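Asker: I have a structure I would like to understand better, so I am pasting it below and will then ask my questions one at a time.
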Amino acid sequence: MARTDAEPSGDGGEGGLAAYRLRRERELSSLYATARSLTALGEVDEVLPSIVRKARELIGSDFVYLSLLGTDGALTLGAAAGTISPEFSSARMPAGAGLGGWVIETRAPVWVSDYRAADSFPRHPGFDRLVSSEGLVALLGVPLLAGDRVIGVLFAADRTERPFEKDEVALLSAFADHAAIALDNARLYDESRAALQRLQAAYRVIEDQIATMERAAAAHEALTRVVLTGGGPGDIAQVLVDHLDGVVTIRDREDEVVATRRRGAGSSGADTPPERELLAEARRTGRCVHGRGEDGTVLSVAAIQAGGSHLGSLSLGRHAATDSADVRMLERSAQITGLLVLMRDARVEAEERVRGELLMELLSHPPLQPVHPALRDRALARGVDVDRLDVLVAADCPGRPAADVVRELHDASPEMSGLAGEYLGRATMLLRTDDPEAAARTLHHRLRRRLGTPVLVVADRVTGHDRAHSFTLAGRCLDVMRCLGETDRGSTTGRYAMYGLVFDPRRSRELKGFIDDSLGPLLDYDRRRSTDLVTTAGAYFAHSGNLGRTAHTLHVHTNTLLKRLDRITALLGDDWRTADSALRLHLAVRLHQLRAELDGAAAG
């Protein structure tokens, strides 16, 4: 049987009434003390255990527990005082089930002296099983009301059959009212504290964002100052390490390091496989990418690009992770570095154009006329004295465009107080030096290293301010060197003086006379009979008179070779194979072949 009230028990006399009043006073005093103690608690996790502990002290039951009402109407155990099994502590009663569901439904206290015999409320098999397993017999449940809301049920239980007196029910109900207020206040306190924590967290986020914005503004101001003051990659790298720490490395379009700055711990900045892979991805995506270096540091790489041109890369290595603000700073720095590179390239291009124009004017200037004062002043403004430019250098690199060779000569020209440019399709330089041979070797080594491919360099001493003639000599000497099989060397025209008849146009008459005197009968016979006696003589001399190798080179039978040699003897005389005659004839054949190759190259 379930009851919602009960008559107070006691004797009807004055003594019993006095005892009853005294007991009520103690109960009320204990109730108020307990209520005051609950108000001193702030957190839900503190209030729940205190409620069930104080309620057990007030009512004197074997077991007291409190179930909280969830948003779905189900009851779950919040706290308990007394012996309890793990199964009971984890139980969850659906909405409207068991004695608790009836308390919530009626919003009034409900008790039963013997749960096993009670039948006036909806039973639930799960709750019945828990009550039975715990050995609970008498149960009293009172609602926890916060205003007009039921927030839970407070239960008192005994393991023996007993009725709950009206005073006990009223006492536990009053306590439940205080407990509900304390629990609701604790909930509000928890919510307020959580809201405060969220507010504090938001404030910290705002502070961090403000600090990040201030740092970004400071970095942007510093980067702008670098641009306005004409700074370079080293200044950009210094700004970044001042704001981000670690190691900042800037590379040019050839992946050569142009600036490195360090602050704090970070990677060495060396060119590592991970960095090259990150650079390839950064070039493909156009964004800053991240990875781990071989030493465990975090690598962030941004490509320096302008349009479709790759201008270099910017990398940051440090142990700390890179956040979004750092990424924006790196990407902005890469853009500004690209701007500086474009500005520098524009200045260099303009300077190269001016120097190239000066070179062209000097090479096309008549040697006997004085240099125009305006031309002289323009050269002096660039630290070049045109009257002291006494050596001309020509360079040839079939593996690279002439513009690439010219650019490297431009880079070297300030060091040598010279002028560089492209003249008649050939990379050319005018400079002042006392040692043309050393200058040729120095420039050859520089071009070989910077271009990464074989290159020929020839220097010629300018005489009588006839720079155009020196250009012709150097250019034709390059052609002779290539005909002789040279592909990678720095030298002077003097080193090839024996071939001067070939590459010096002023001696073309001498060359023709020498060849006609030495080879005239053979050339005339080949022209009339469509034979190739001159080639036969050349192969014969090249193989030092060895008939087998000569025939093999000419792809003819030995008998055929012998007939040709007999014909040469008939045309030149029996002494053409003697030492002096053979030397003269061999030189004439070689000069004739070189002239033919040069004329063919010029025609092509």
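Just remember, in the structure tokens the first chain shown is A, the second B, etc., residues are 1-based per chain, and ligands are 1-based in the order shown.
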I'd like the contact shell of Pro143 of chain A - 9 Å cut-off, only C-alpha atoms, skipping same-chain residues fewer than 2 positions apart - returned as a PyMOL selection string.
Answerer: chain A and resi 100+103-104+107-109+141+145+150-155+173+176-177+180
Asker: With a distance cut-off of 7 Å and only C-alpha atoms, select the neighbouring residues of Tyr65 of chain A, excluding the residue or stretch itself and same-chain residues fewer than 3 positions from it, and output the selection as a PyMOL selection string.
Answerer: chain A and resi 52+79-81+154-156
Asker: Fewer than 3 positions away in the same chain doesn't count, so skip those; otherwise give me all residues within 12 Å of Arg448 of chain A, counting only C-alpha atoms, as a PyMOL selection string.
Answerer: chain A and resi 395-397+399-400+404-405+408-409+440-445+451-457+487-490
Asker: What's around segment 249-259 of chain A at 8 Å? Count only C-alpha atoms, leave out sequence neighbours fewer than 5 positions away in its own chain, and write the answer as a PDB file with N, CA and C atoms, in the first residue's frame.
Answerer:
```pdb
ATOM      1  N   PRO A 233      67.177  40.542 -49.097  1.00  0.00           N
ATOM      2  CA  PRO A 233      66.728  39.297 -48.462  1.00  0.00           C
ATOM      3  C   PRO A 233      67.224  39.133 -47.028  1.00  0.00           C
ATOM      4  N   GLY A 234      68.433  39.594 -46.745  1.00  0.00           N
ATOM      5  CA  GLY A 234      68.950  39.484 -45.377  1.00  0.00           C
ATOM      6  C   GLY A 234      68.108  40.262 -44.388  1.00  0.00           C
ATOM      7  N   ALA A 237      64.882  38.301 -43.772  1.00  0.00           N
ATOM      8  CA  ALA A 237      65.142  37.175 -42.874  1.00  0.00           C
ATOM      9  C   ALA A 237      65.296  37.641 -41.436  1.00  0.00           C
ATOM     10  N   GLY A 269      69.348  24.941 -41.574  1.00  0.00           N
ATOM     11  CA  GLY A 269      69.111  25.676 -42.808  1.00  0.00           C
ATOM     12  C   GLY A 269      69.740  25.026 -44.021  1.00  0.00           C
ATOM     13  N   HIS A 310      59.387  31.408 -61.083  1.00  0.00           N
ATOM     14  CA  HIS A 310      59.887  31.016 -59.760  1.00  0.00           C
ATOM     15  C   HIS A 310      61.110  31.865 -59.444  1.00  0.00           C
ATOM     16  N   LEU A 311      61.034  32.604 -58.332  1.00  0.00           N
ATOM     17  CA  LEU A 311      62.106  33.531 -57.963  1.00  0.00           C
ATOM     18  C   LEU A 311      62.933  33.037 -56.789  1.00  0.00           C
ATOM     19  N   GLY A 312      62.494  31.966 -56.126  1.00  0.00           N
ATOM     20  CA  GLY A 312      63.250  31.448 -54.989  1.00  0.00           C
ATOM     21  C   GLY A 312      62.323  30.841 -53.957  1.00  0.00           C
ATOM     22  N   SER A 313      62.811  30.745 -52.727  1.00  0.00           N
ATOM     23  CA  SER A 313      62.011  30.167 -51.641  1.00  0.00           C
ATOM     24  C   SER A 313      62.413  30.785 -50.312  1.00  0.00           C
ATOM     25  N   LEU A 314      61.492  30.694 -49.365  1.00  0.00           N
ATOM     26  CA  LEU A 314      61.709  31.188 -48.007  1.00  0.00           C
ATOM     27  C   LEU A 314      61.304  30.069 -47.050  1.00  0.00           C
ATOM     28  N   SER A 315      62.193  29.701 -46.132  1.00  0.00           N
ATOM     29  CA  SER A 315      61.892  28.595 -45.220  1.00  0.00           C
ATOM     30  C   SER A 315      62.173  29.010 -43.783  1.00  0.00           C
ATOM     31  N   LEU A 316      61.373  28.430 -42.871  1.00  0.00           N
ATOM     32  CA  LEU A 316      61.528  28.645 -41.431  1.00  0.00           C
ATOM     33  C   LEU A 316      61.649  27.286 -40.764  1.00  0.00           C
TER      34      LEU A 316
END
```
Asker: Let me make sure I understand: among A:Leu279, A:Val406, A:Leu430, A:Leu240, which one has the smallest atom-to-atom distance to Val384 of chain A if we use only C-alpha atoms?
Answerer: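 Using only C-alpha atoms, Val384 of chain A sits closest to A:Leu430.
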Asker: Work out how far atom CA of Gly73 of chain A is from atom CA of Ala97 of chain A, in Å to one decimal.
Answerer: 9.9 Å
Asker: Quick one: distance from atom CA of Leu144 of chain A to atom CA of His178 of chain A in Å, one decimal?
Answerer: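 These two atoms are separated by 8.8 Å.
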Asker: If I take atom CA of Ala182 of chain A and atom CA of Ser61 of chain A, how far is one from the other in Å, to one decimal?
Answerer: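 Atom CA of Ser61 of chain A lies at a distance of 21.9 Å from atom CA of Ala182 of chain A.
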Asker: List the neighbours of Glu275 of chain A out to 9 Å using only C-alpha atoms; skip same-chain residues closer than 6 positions along the sequence, and give me the result as a ChimeraX atom specification.
Answerer: /A:291-293,299-301,315
Asker: Save out the residues we just selected, C-alpha atoms, as a PDB file, in the first residue's frame.
Answerer:
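For reference, selection19.pdb as written:
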```pdb
ATOM      1  CA  GLY A 291      56.849  19.109 -42.615  1.00  0.00           C
ATOM      2  CA  ARG A 292      59.395  17.594 -40.286  1.00  0.00           C
ATOM      3  CA  GLY A 293      63.109  17.974 -40.868  1.00  0.00           C
ATOM      4  CA  LEU A 299      59.955  23.101 -41.482  1.00  0.00           C
ATOM      5  CA  SER A 300      57.721  25.685 -43.155  1.00  0.00           C
ATOM      6  CA  VAL A 301      58.496  26.533 -46.785  1.00  0.00           C
ATOM      7  CA  SER A 315      61.892  28.595 -45.220  1.00  0.00           C
TER       8      SER A 315
END
```
Asker: What lies within 8 Å of segment 111-128 of chain A using only C-alpha atoms, ignoring chain neighbours under 6 positions off, as a list of chain:residue names?
Answerer: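 After dropping sequence-adjacent residues, the list is A:Met1, A:Ala2, A:Arg3, A:Thr4, A:Met93, A:Gly96, A:Ala97, A:Gly98, A:Leu99, A:Trp102, A:Leu136, A:Val137, A:Ala138, A:Leu139, A:Leu140, A:Gly141, A:Glu161, A:Arg162, A:Pro163, A:Phe164.
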Asker: Give me the residues within 12 Å of Gly308 of chain A as a PyMOL selection string, counting only C-alpha atoms and dropping any in the same chain fewer than 4 places off.
Answerer: chain A and resi 283-284+286+303-304
Asker: Could you tell me which of A:Ser333, A:Pro414, A:His465, A:Thr536 comes closest to Asp390 of chain A if we count only C-alpha atoms?
Answerer: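 Under the stated criterion, the closest residue is A:His465.
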